[in-house]
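> Handing over upload16.txt, compact mmCIF, C-alpha atoms and all ligand atoms.
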# COMPACT_ATOMS: atom_id res chain seq x y z
CA MET A 1 41.03 -94.97 27.35
CA SER A 2 37.75 -95.64 29.10
CA ASP A 3 36.66 -99.12 30.20
CA ASP A 4 33.71 -98.91 27.86
CA PRO A 5 34.76 -98.31 24.25
CA LEU A 6 32.06 -98.52 21.57
CA LEU A 7 34.25 -100.82 19.47
CA SER A 8 36.93 -103.12 20.77
CA VAL A 9 38.92 -105.19 18.27
CA SER A 10 41.22 -107.82 19.69
CA GLY A 11 43.69 -110.09 17.89
CA LEU A 12 41.90 -109.69 14.55
CA HIS A 13 43.26 -111.87 11.74
CA LYS A 14 42.02 -112.17 8.17
CA TYR A 15 43.76 -114.66 5.93
CA PHE A 16 42.74 -115.28 2.32
CA THR A 17 43.56 -118.63 0.78
CA GLN A 18 44.52 -118.47 -2.86
CA ASN A 19 44.32 -121.62 -4.93
CA ASP A 20 43.06 -120.18 -8.13
CA GLY A 21 43.51 -123.00 -10.61
CA PHE A 22 42.22 -126.56 -10.77
CA ILE A 23 45.81 -127.90 -10.66
CA ASP A 24 46.55 -125.82 -7.53
CA ARG A 25 43.52 -127.31 -5.82
CA LEU A 26 44.44 -130.82 -6.98
CA LEU A 27 47.96 -130.45 -5.61
CA GLY A 28 46.70 -128.75 -2.46
CA ALA A 29 48.94 -125.80 -3.33
CA ASP A 30 47.19 -123.19 -1.16
CA GLU A 31 48.85 -119.87 -0.65
CA THR A 32 47.85 -117.81 2.36
CA VAL A 33 47.55 -114.02 2.13
CA LYS A 34 47.87 -112.67 5.65
CA ALA A 35 45.97 -109.46 4.91
CA VAL A 36 45.31 -108.68 8.60
CA ASN A 37 47.63 -110.28 11.09
CA GLY A 38 46.70 -109.73 14.73
CA VAL A 39 45.27 -106.23 14.93
CA SER A 40 43.88 -104.79 18.20
CA PHE A 41 42.39 -101.35 18.90
CA ASP A 42 39.51 -99.64 20.69
CA ILE A 43 37.33 -96.75 19.53
CA GLU A 44 35.68 -94.62 22.17
CA ARG A 45 32.14 -93.28 21.78
CA GLY A 46 32.17 -90.09 19.71
CA GLU A 47 35.79 -90.61 18.71
CA THR A 48 37.33 -90.74 15.22
CA LEU A 49 40.09 -93.30 14.86
CA GLY A 50 42.16 -92.99 11.69
CA LEU A 51 43.63 -96.06 10.02
CA VAL A 52 46.46 -95.08 7.72
CA GLY A 53 49.02 -96.90 5.60
CA GLU A 54 50.05 -97.48 2.01
CA SER A 55 47.96 -99.43 -0.42
CA GLY A 56 47.97 -103.12 0.49
CA SER A 57 48.66 -102.59 4.21
CA GLY A 58 45.33 -104.17 5.18
CA LYS A 59 43.18 -101.17 6.07
CA SER A 60 40.09 -102.08 4.04
CA THR A 61 40.31 -105.73 5.04
CA THR A 62 40.44 -104.67 8.70
CA ALA A 63 37.29 -102.57 8.21
CA ARG A 64 35.53 -105.28 6.20
CA SER A 65 36.39 -107.87 8.86
CA VAL A 66 35.10 -105.61 11.65
CA LEU A 67 31.79 -105.31 9.76
CA ARG A 68 31.92 -109.00 8.82
CA LEU A 69 31.71 -108.17 5.13
CA ASP A 70 34.78 -110.45 5.18
CA GLU A 71 34.53 -113.16 7.85
CA PRO A 72 37.45 -112.75 10.31
CA THR A 73 39.79 -115.74 10.46
CA LYS A 74 40.49 -115.19 14.15
CA GLY A 75 39.94 -112.59 16.86
CA THR A 76 37.04 -110.78 18.48
CA VAL A 77 35.15 -107.63 17.55
CA SER A 78 33.12 -106.31 20.44
CA TYR A 79 30.56 -103.65 19.55
CA ASP A 80 28.82 -101.96 22.48
CA GLY A 81 29.47 -105.12 24.50
CA THR A 82 28.30 -107.60 21.81
CA ASP A 83 30.81 -109.91 20.12
CA LEU A 84 29.98 -109.42 16.43
CA THR A 85 31.93 -112.53 15.41
CA ALA A 86 29.47 -114.67 17.41
CA LEU A 87 26.29 -113.26 15.82
CA SER A 88 24.15 -115.22 13.37
CA ASP A 89 23.63 -113.69 9.90
CA ARG A 90 20.19 -112.48 10.94
CA GLU A 91 21.52 -110.89 14.14
CA MET A 92 24.37 -109.29 12.15
CA THR A 93 21.90 -107.81 9.64
CA GLU A 94 19.99 -106.34 12.57
CA MET A 95 23.26 -104.90 13.96
CA ARG A 96 24.01 -103.22 10.61
CA LYS A 97 21.32 -100.67 11.40
CA ARG A 98 23.82 -99.27 13.85
CA ILE A 99 26.99 -99.69 11.76
CA GLN A 100 27.23 -98.19 8.29
CA ILE A 101 29.97 -97.77 5.71
CA VAL A 102 30.86 -95.00 3.26
CA PHE A 103 32.96 -96.26 0.34
CA GLN A 104 35.85 -94.69 -1.52
CA ASP A 105 34.40 -94.43 -4.98
CA PRO A 106 30.89 -92.99 -5.04
CA ALA A 107 30.71 -93.62 -8.80
CA SER A 108 30.88 -97.39 -8.39
CA SER A 109 29.21 -97.73 -4.99
CA LEU A 110 25.94 -96.10 -6.12
CA ASN A 111 23.56 -98.06 -8.34
CA ARG A 112 23.47 -96.21 -11.66
CA ARG A 113 19.96 -97.43 -12.46
CA LYS A 114 18.36 -96.00 -9.33
CA THR A 115 17.60 -92.37 -8.56
CA VAL A 116 19.45 -90.89 -5.61
CA GLY A 117 16.13 -90.82 -3.74
CA GLN A 118 15.75 -94.58 -4.23
CA ILE A 119 19.38 -95.12 -3.22
CA ILE A 120 18.98 -93.18 0.02
CA LYS A 121 15.65 -94.90 0.76
CA GLN A 122 16.93 -98.43 0.24
CA PRO A 123 18.56 -99.00 3.69
CA MET A 124 15.29 -97.86 5.34
CA GLU A 125 13.42 -100.46 3.25
CA ILE A 126 15.91 -103.23 4.03
CA HIS A 127 15.61 -102.58 7.75
CA GLY A 128 11.87 -101.81 7.74
CA LEU A 129 12.41 -98.34 9.20
CA TYR A 130 10.52 -95.04 8.84
CA LYS A 131 7.48 -96.57 7.12
CA GLY A 132 5.21 -93.84 5.75
CA GLU A 133 7.86 -91.16 6.22
CA ARG A 134 10.60 -92.38 3.92
CA ASP A 135 10.15 -89.75 1.20
CA ALA A 136 10.18 -86.96 3.76
CA ARG A 137 13.27 -88.50 5.34
CA VAL A 138 15.05 -88.65 1.96
CA ASP A 139 14.41 -84.91 1.53
CA GLU A 140 15.64 -84.21 5.03
CA LEU A 141 18.80 -86.30 4.55
CA MET A 142 19.56 -84.61 1.24
CA GLU A 143 19.33 -81.25 2.95
CA THR A 144 21.51 -82.50 5.78
CA VAL A 145 24.33 -83.42 3.38
CA GLY A 146 23.96 -80.18 1.38
CA LEU A 147 22.03 -81.40 -1.67
CA PRO A 148 18.78 -79.83 -2.94
CA PRO A 149 15.95 -82.30 -2.15
CA GLN A 150 14.17 -81.47 -5.42
CA TYR A 151 16.87 -83.44 -7.25
CA SER A 152 16.05 -86.71 -5.49
CA ASN A 153 14.60 -88.10 -8.75
CA ARG A 154 17.88 -87.65 -10.62
CA TYR A 155 20.45 -90.37 -11.28
CA PRO A 156 23.99 -90.57 -9.86
CA HIS A 157 25.64 -89.65 -13.20
CA GLU A 158 23.84 -86.31 -13.08
CA PHE A 159 25.85 -85.35 -10.00
CA SER A 160 29.52 -84.48 -9.63
CA GLY A 161 31.98 -86.66 -7.71
CA GLY A 162 31.71 -84.70 -4.47
CA GLN A 163 27.92 -84.63 -4.69
CA ARG A 164 27.81 -88.38 -5.25
CA GLN A 165 29.86 -88.83 -2.10
CA ARG A 166 27.26 -86.69 -0.29
CA VAL A 167 24.63 -89.15 -1.56
CA GLY A 168 26.75 -92.03 -0.18
CA ILE A 169 26.88 -90.27 3.18
CA ALA A 170 23.11 -89.61 3.16
CA ARG A 171 22.55 -93.32 2.43
CA ALA A 172 24.75 -94.26 5.39
CA LEU A 173 22.85 -91.86 7.67
CA ALA A 174 19.42 -93.13 6.53
CA VAL A 175 19.12 -95.80 9.24
CA ASP A 176 20.37 -93.46 11.97
CA PRO A 177 23.60 -95.35 12.77
CA ASP A 178 25.89 -94.63 15.68
CA PHE A 179 29.07 -95.90 14.01
CA ILE A 180 30.32 -95.20 10.49
CA VAL A 181 33.29 -96.72 8.72
CA ALA A 182 34.53 -94.23 6.13
CA ASP A 183 36.81 -96.19 3.78
CA GLU A 184 38.92 -93.64 1.87
CA PRO A 185 35.85 -91.37 1.48
CA VAL A 186 37.75 -88.53 -0.18
CA SER A 187 40.57 -90.29 -2.05
CA ALA A 188 38.77 -90.14 -5.39
CA LEU A 189 38.02 -86.42 -5.05
CA ASP A 190 39.84 -83.22 -5.93
CA VAL A 191 41.60 -81.59 -2.92
CA SER A 192 39.21 -78.61 -2.68
CA ILE A 193 36.25 -81.01 -2.69
CA GLN A 194 38.00 -83.25 -0.16
CA ALA A 195 37.94 -80.34 2.28
CA GLN A 196 34.17 -79.89 1.81
CA ILE A 197 33.45 -83.57 2.41
CA LEU A 198 35.76 -83.75 5.45
CA ASN A 199 34.07 -80.67 6.85
CA LEU A 200 30.66 -82.26 6.26
CA LEU A 201 31.74 -85.44 8.08
CA ASP A 202 33.01 -83.32 10.97
CA ASP A 203 29.68 -81.49 11.24
CA LEU A 204 27.63 -84.67 10.96
CA GLN A 205 29.70 -86.38 13.62
CA GLU A 206 28.81 -83.64 16.05
CA GLU A 207 25.18 -83.35 14.98
CA PHE A 208 24.43 -87.09 15.13
CA ASP A 209 26.87 -88.10 17.84
CA LEU A 210 28.71 -90.46 15.52
CA THR A 211 31.75 -92.61 16.15
CA LEU A 212 34.01 -93.02 13.12
CA LEU A 213 36.65 -95.38 11.80
CA PHE A 214 38.28 -93.28 9.12
CA ILE A 215 40.53 -94.98 6.58
CA ALA A 216 42.99 -93.06 4.41
CA HIS A 217 46.40 -93.55 2.83
CA ASP A 218 47.07 -89.83 3.15
CA LEU A 219 48.21 -88.59 6.56
CA SER A 220 47.13 -85.01 5.76
CA VAL A 221 43.52 -86.13 5.53
CA ILE A 222 43.87 -88.15 8.73
CA ARG A 223 45.31 -85.18 10.57
CA HIS A 224 42.29 -83.07 9.76
CA VAL A 225 39.60 -85.42 11.03
CA CYS A 226 41.02 -87.92 13.52
CA ASP A 227 41.38 -87.88 17.29
CA ARG A 228 43.68 -90.90 17.31
CA VAL A 229 45.60 -92.66 14.58
CA ALA A 230 46.62 -96.28 13.98
CA VAL A 231 49.36 -96.73 11.37
CA MET A 232 49.19 -100.06 9.52
CA TYR A 233 51.92 -101.88 7.66
CA LEU A 234 51.60 -105.32 6.09
CA GLY A 235 48.59 -106.39 8.13
CA GLU A 236 49.79 -105.08 11.50
CA ILE A 237 49.44 -101.86 13.50
CA VAL A 238 52.96 -100.44 13.89
CA GLU A 239 52.07 -97.23 15.74
CA LEU A 240 49.05 -95.97 17.66
CA ALA A 241 48.79 -92.50 19.21
CA ASP A 242 46.69 -89.37 19.67
CA ALA A 243 46.73 -87.47 16.37
CA ASP A 244 48.66 -84.48 17.75
CA GLU A 245 51.19 -86.76 19.41
CA LEU A 246 51.65 -88.83 16.25
CA PHE A 247 52.34 -85.76 14.14
CA SER A 248 54.63 -84.04 16.62
CA ASN A 249 56.41 -87.12 17.97
CA PRO A 250 56.27 -89.96 15.43
CA GLN A 251 58.23 -92.97 16.65
CA HIS A 252 58.07 -95.77 14.11
CA PRO A 253 60.38 -95.28 11.11
CA TYR A 254 57.42 -96.14 8.85
CA THR A 255 55.30 -93.34 10.34
CA ARG A 256 58.21 -90.94 9.94
CA ALA A 257 58.54 -91.93 6.32
CA LEU A 258 54.80 -91.46 5.70
CA LEU A 259 55.02 -88.02 7.28
CA GLY A 260 58.03 -87.29 5.10
CA ALA A 261 55.91 -87.97 2.04
CA ILE A 262 53.63 -85.01 2.82
CA PRO A 263 54.51 -82.22 0.35
CA GLN A 264 57.00 -79.87 1.98
CA PRO A 265 57.19 -76.29 0.70
CA VAL A 266 60.38 -75.33 2.57
CA PRO A 267 63.38 -76.66 0.54
CA GLU A 268 65.62 -77.07 3.60
CA LEU A 269 63.01 -79.24 5.33
CA ALA A 270 62.25 -81.13 2.12
CA ARG A 271 65.93 -82.14 1.94
CA GLN A 272 65.86 -83.44 5.55
CA ARG A 273 63.00 -85.81 5.05
CA GLN A 274 63.26 -89.58 4.89
CA VAL A 275 62.22 -91.03 1.58
CA LEU A 276 60.19 -94.21 1.61
CA GLU A 277 61.62 -96.49 -1.03
CA GLY A 278 60.24 -99.73 -2.45
CA GLU A 279 56.77 -101.13 -2.02
CA VAL A 280 54.83 -102.99 0.65
CA PRO A 281 56.02 -106.63 0.35
CA SER A 282 53.52 -109.30 -0.61
CA PRO A 283 51.52 -110.62 2.35
CA LEU A 284 51.94 -114.04 0.69
CA ASP A 285 55.61 -113.96 1.63
CA PRO A 286 56.21 -111.41 4.43
CA PRO A 287 59.81 -110.68 5.53
CA SER A 288 61.03 -112.41 8.70
CA GLY A 289 61.47 -110.34 11.86
CA CYS A 290 60.04 -106.83 11.60
CA SER A 291 58.01 -106.70 8.40
CA PHE A 292 59.28 -103.16 7.68
CA ASN A 293 62.98 -104.10 7.96
CA PRO A 294 63.78 -104.37 4.21
CA ARG A 295 62.72 -100.72 3.70
CA CYS A 296 63.74 -99.30 7.07
CA PRO A 297 66.65 -96.83 7.23
CA GLU A 298 67.16 -97.71 10.91
CA ALA A 299 67.13 -101.51 10.51
CA THR A 300 69.85 -103.60 12.15
CA GLU A 301 70.68 -107.31 11.95
CA GLU A 302 68.39 -107.92 14.94
CA CYS A 303 65.41 -106.50 13.02
CA THR A 304 65.59 -109.36 10.51
CA SER A 305 64.84 -111.93 13.22
CA VAL A 306 62.94 -110.20 16.05
CA ASP A 307 59.24 -109.53 15.40
CA PRO A 308 58.49 -106.42 17.51
CA THR A 309 55.31 -106.09 19.56
CA LEU A 310 53.20 -102.92 19.86
CA ASP A 311 54.50 -101.53 23.18
CA ASP A 312 54.09 -98.28 25.13
CA VAL A 313 56.54 -95.59 24.06
CA ALA A 314 58.65 -94.68 27.10
CA GLY A 315 57.91 -91.19 28.41
CA ALA A 316 55.06 -90.57 25.95
CA THR A 317 51.51 -89.80 27.01
CA GLY A 318 48.01 -90.72 25.83
CA GLY A 319 48.55 -94.42 25.13
CA HIS A 320 51.25 -93.87 22.47
CA LYS A 321 52.47 -97.29 21.28
CA ALA A 322 54.93 -98.37 18.63
CA ALA A 323 56.19 -101.71 17.31
CA CYS A 324 59.94 -101.20 16.83
CA ILE A 325 62.80 -102.61 18.89
CA HIS A 326 64.83 -99.41 18.38
CA VAL A 327 62.10 -96.99 19.32
CA ASP A 328 63.74 -95.78 22.55
CA GLU A 329 66.94 -94.91 20.67
CA PHE A 330 65.27 -92.33 18.42
CA GLU A 331 65.30 -88.64 19.09
CA THR A 332 61.96 -87.45 20.52
CA GLY A 333 59.86 -85.37 18.16
CA ALA A 334 62.39 -85.69 15.34
CA GLY A 335 59.96 -86.69 12.62
CA VAL A 336 59.14 -84.03 10.10
CA PRO A 337 59.38 -80.60 11.69
CA SER A 338 56.55 -78.80 9.97
CA ALA A 339 54.37 -81.64 8.75
CA ALA A 340 51.54 -80.70 11.07
CA GLN A 341 51.64 -77.09 9.95
CA ASP A 342 51.63 -78.03 6.25
CA VAL A 343 48.61 -80.17 6.75
CA ASP A 344 46.75 -77.47 8.61
CA GLU A 345 47.45 -75.11 5.72
CA ARG A 346 46.34 -77.58 3.09
CA PHE A 347 42.98 -77.95 4.79
CA SER A 348 42.75 -74.33 5.85
CA ILE A 349 39.37 -72.96 6.79
CA GLU A 350 39.08 -71.00 3.50
CA ASN A 351 38.59 -74.30 1.76
CA PHE A 352 35.65 -75.26 3.88
CA ASP A 353 32.77 -72.98 3.20
CA ALA A 354 32.33 -73.31 -0.52
CA GLU A 355 28.73 -74.17 -1.36
CA PRO A 356 28.30 -77.29 -3.46
CA THR A 357 27.07 -76.53 -6.98
CA LEU A 358 24.77 -79.08 -8.51
CA VAL A 359 25.71 -80.32 -11.93
CA THR A 360 22.83 -79.71 -14.27
CA ASP A 361 24.33 -80.55 -17.65
CA GLY A 362 24.36 -84.29 -17.02
CA ARG A 363 28.15 -84.63 -17.15
CA GLY A 364 28.65 -84.60 -13.41
CA ASP A 365 32.41 -84.13 -13.53
CA ASP A 366 32.99 -80.58 -12.46
CA ASP A 367 34.46 -81.13 -9.05
CA ARG A 368 36.52 -84.26 -9.37
N1 LIG B 401 39.58 -111.09 -1.37
C1 LIG B 401 40.91 -111.12 -1.33
N2 LIG B 401 41.60 -112.23 -1.73
C2 LIG B 401 42.95 -112.27 -1.68
N3 LIG B 401 43.72 -111.26 -1.23
C3 LIG B 401 43.10 -110.14 -0.83
C4 LIG B 401 41.68 -110.00 -0.87
N4 LIG B 401 41.34 -108.76 -0.39
C5 LIG B 401 42.52 -108.15 -0.09
N5 LIG B 401 43.56 -108.97 -0.36
C6 LIG B 401 44.97 -108.67 -0.15
O1 LIG B 401 45.13 -108.27 1.19
C7 LIG B 401 46.12 -107.24 1.29
C8 LIG B 401 45.52 -106.06 2.01
O2 LIG B 401 44.54 -105.46 1.14
P1 LIG B 401 43.63 -104.23 1.60
O3 LIG B 401 42.74 -103.88 0.45
O4 LIG B 401 43.00 -104.53 2.90
O5 LIG B 401 44.72 -103.09 1.80
P2 LIG B 401 44.50 -101.55 1.92
O6 LIG B 401 45.51 -101.06 2.90
O7 LIG B 401 43.07 -101.24 2.19
O8 LIG B 401 44.90 -101.07 0.46
P3 LIG B 401 44.06 -100.17 -0.57
O9 LIG B 401 44.19 -98.76 -0.06
O10 LIG B 401 44.78 -100.38 -1.87
O11 LIG B 401 42.66 -100.70 -0.56
C9 LIG B 401 46.57 -106.94 -0.13
O12 LIG B 401 47.77 -107.64 -0.40
C10 LIG B 401 45.44 -107.48 -0.98
O13 LIG B 401 45.90 -107.89 -2.25
Once you've parsed the file, please lay out its structure as structure tokens.


Amino acid sequence: MSDDPLLSVSGLHKYFTQNDGFIDRLLGADETVKAVNGVSFDIERGETLGLVGESGSGKSTTARSVLRLDEPTKGTVSYDGTDLTALSDREMTEMRKRIQIVFQDPASSLNRRKTVGQIIKQPMEIHGLYKGERDARVDELMETVGLPPQYSNRYPHEFSGGQRQRVGIARALAVDPDFIVADEPVSALDVSIQAQILNLLDDLQEEFDLTLLFIAHDLSVIRHVCDRVAVMYLGEIVELADADELFSNPQHPYTRALLGAIPQPVPELARQRQVLEGEVPSPLDPPSGCSFNPRCPEATEECTSVDPTLDDVAGATGGHKAACIHVDEFETGAGVPSAAQDVDERFSIENFDAEPTLVTDGRGDDDR
């Protein structure tokens, strides 16, 4: 870690208060959803940090709180030395030129009534950028993301799912940001199209010197694009490591279980894997002690009362941390023997060079 990360998140909390009904409010019966509960991480310039975990673990809320799309309850978010949580709304709007987001579902995140050209142009208009050159810039951005510029006057429904996500990426690039949050950018897409979009993001990162926070629930996707990975469970980071280290030497039982969920073609290895049973508990009523203990195959009595902190893994390199009181008792590198190899095969290079085909029949569903 350098002393000068682009993004530094410290002690971030986001609690939602639920008191839906009139009676609840009258009785003061608030219920607190601890969606993000004390998360800290840095992202270096030019780095891609992956945030992974099951649905409901708090990944999107972490990203939204970093961008102040949800106001953080507590904690600091330092971006290039500026504490975002202390900025006025006007200052934050100004800062959003530098920080953009790509959403999961391009179908719902693009305005159906606007042409893709208008959609890509809009951030430039909001921020008063590229006056007089916006049309030319739309064409250039469409080319950059692999879409023919002559289709800029078409509507989102005339494009396929993968192409719509390219439009979402072009929109994010329009204001020339240096940091992009990609919130499950390929989850809604077919696997072969996922590879194209991941490859595009890889290329763009290099071309535009981007720093990325990449959110996914699928470790295979994370493996392909991320330099480092933070594993989230019930609002907390339970493991943080370089991507190679995480895949070859997973420490937290939750990470091991997530790795075990990656499809395993070798029957012998498939039998060895840990199965993750049950669901993420409600953040309205988290378990005491380690929040993973009710589902953890390694849990002991102590785990029901001791809340583990995210500590350095003994003997590991590259800032590998895990939040588990039993971590030093586990066998090193004993996660899922060929998980890394499976993932590499799934996103093999053959999947990467397919040219996008534009949908011209108006259905726009050929590559989802
Ligand atoms: N606006 C909100 N009001 C109340 N609870 C919320 C709100 N937004 C999120 N939550 C809750 O916070 C928890 C974390 O949700 P979040 O969407 O951040 O998880 P996630 O890991 O991104 O999952 P997913 O992949 O399904 O989006 C969930 O229990 C969710 O129901």

> Have a look at atom O3 of ligand LIG 401 (chain B) and CA of Val327 (chain A) and let me know their distance in Å, one decimal.

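So the answer is 27.9 Å.
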
> Rounded to one decimal, what separation in Å do you get between CA of Asp80 (chain A) and CA of Leu219 (chain A)?

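Between CA of Asp80 (chain A) and CA of Leu219 (chain A) the gap works out to 28.4 Å.
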
> I'd like to know which of A:Ser288, A:Thr317, A:Thr211, A:Gln104 is closest to Glu44 (chain A), using all atoms listed in the file.

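Counting all atoms listed in the file, the residue closest to Glu44 (chain A) is A:Thr211.
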
> To one decimal place, how far is CA of Met92 (chain A) from CA of Leu67 (chain A) in Å?

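Going from CA of Met92 (chain A) over to CA of Leu67 (chain A), I get 8.8 Å.
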
> Determine the nearest neighbour of ligand LIG 401 (chain B) from the options A:His320, A:Lys97, A:Arg171, A:His217, counting only C-alpha atoms and all ligand atoms.

A:His217

> From the list A:Ile215, A:Ala299, A:Ile99, A:Val77, which residue is nearest ligand LIG 401 (chain B) when using only C-alpha atoms and all ligand atoms?

A:Ile215

> Write as a short mmCIF file (atom, residue, chain, number, x, y, z; two decimals) with C-alpha atoms, keeping the file's coordinate frame the residues around ligand LIG 401 (chain B), taking 7 Å as the cut-off and counting all atoms listed in the file.


data_model
loop_
_atom_site.label_atom_id
_atom_site.label_comp_id
_atom_site.auth_asym_id
_atom_site.auth_seq_id
_atom_site.Cartn_x
_atom_site.Cartn_y
_atom_site.Cartn_z
CA PHE A 16 42.74 -115.28 2.32
CA THR A 17 43.56 -118.63 0.78
CA GLN A 18 44.52 -118.47 -2.86
CA VAL A 33 47.55 -114.02 2.13
CA LYS A 34 47.87 -112.67 5.65
CA ALA A 35 45.97 -109.46 4.91
CA GLY A 53 49.02 -96.90 5.60
CA GLU A 54 50.05 -97.48 2.01
CA SER A 55 47.96 -99.43 -0.42
CA GLY A 56 47.97 -103.12 0.49
CA SER A 57 48.66 -102.59 4.21
CA GLY A 58 45.33 -104.17 5.18
CA LYS A 59 43.18 -101.17 6.07
CA SER A 60 40.09 -102.08 4.04
CA THR A 61 40.31 -105.73 5.04
CA THR A 62 40.44 -104.67 8.70
CA HIS A 217 46.40 -93.55 2.83
CA GLY A 235 48.59 -106.39 8.13
CA SER A 282 53.52 -109.30 -0.61
CA PRO A 283 51.52 -110.62 2.35
#

> I need the residue nearest Tyr155 (chain A) from this list: A:Arg96, A:Ile126, A:Asp203, A:Val167. Use only C-alpha atoms for the distance.

A:Val167

> Please rebuild region 91-105 of chain A with N, CA and C atoms and return the result as a short mmCIF file (atom, residue, chain, number, x, y, z; two decimals), in the frame of the given file.


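rebuild04.cif, written as the output of this step:
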data_model
loop_
_atom_site.label_atom_id
_atom_site.label_comp_id
_atom_site.auth_asym_id
_atom_site.auth_seq_id
_atom_site.Cartn_x
_atom_site.Cartn_y
_atom_site.Cartn_z
N GLU A 91 21.18 -111.84 13.07
CA GLU A 91 21.52 -110.89 14.14
C GLU A 91 22.49 -109.81 13.61
N MET A 92 23.40 -110.24 12.71
CA MET A 92 24.37 -109.29 12.15
C MET A 92 23.66 -108.27 11.26
N THR A 93 22.67 -108.74 10.49
CA THR A 93 21.90 -107.81 9.64
C THR A 93 21.21 -106.77 10.52
N GLU A 94 20.65 -107.24 11.61
CA GLU A 94 19.99 -106.34 12.57
C GLU A 94 21.00 -105.30 13.10
N MET A 95 22.21 -105.77 13.41
CA MET A 95 23.26 -104.90 13.96
C MET A 95 23.69 -103.84 12.95
N ARG A 96 23.55 -104.16 11.65
CA ARG A 96 24.01 -103.22 10.61
C ARG A 96 23.18 -101.94 10.55
N LYS A 97 22.04 -101.93 11.25
CA LYS A 97 21.32 -100.67 11.40
C LYS A 97 22.21 -99.65 12.12
N ARG A 98 23.03 -100.17 13.01
CA ARG A 98 23.82 -99.27 13.85
C ARG A 98 25.20 -98.97 13.26
N ILE A 99 25.62 -99.80 12.30
CA ILE A 99 26.99 -99.69 11.76
C ILE A 99 26.90 -99.54 10.25
N GLN A 100 27.32 -98.42 9.73
CA GLN A 100 27.23 -98.19 8.29
C GLN A 100 28.60 -97.91 7.70
N ILE A 101 28.69 -97.99 6.37
CA ILE A 101 29.97 -97.77 5.71
C ILE A 101 29.80 -96.78 4.56
N VAL A 102 30.78 -95.90 4.41
CA VAL A 102 30.86 -95.00 3.26
C VAL A 102 32.08 -95.44 2.46
N PHE A 103 31.89 -95.70 1.16
CA PHE A 103 32.96 -96.26 0.34
C PHE A 103 33.77 -95.17 -0.36
N GLN A 104 34.93 -95.62 -0.86
CA GLN A 104 35.85 -94.69 -1.52
C GLN A 104 35.27 -94.06 -2.78
N ASP A 105 34.74 -94.92 -3.66
CA ASP A 105 34.40 -94.43 -4.98
C ASP A 105 32.90 -94.34 -5.14
#
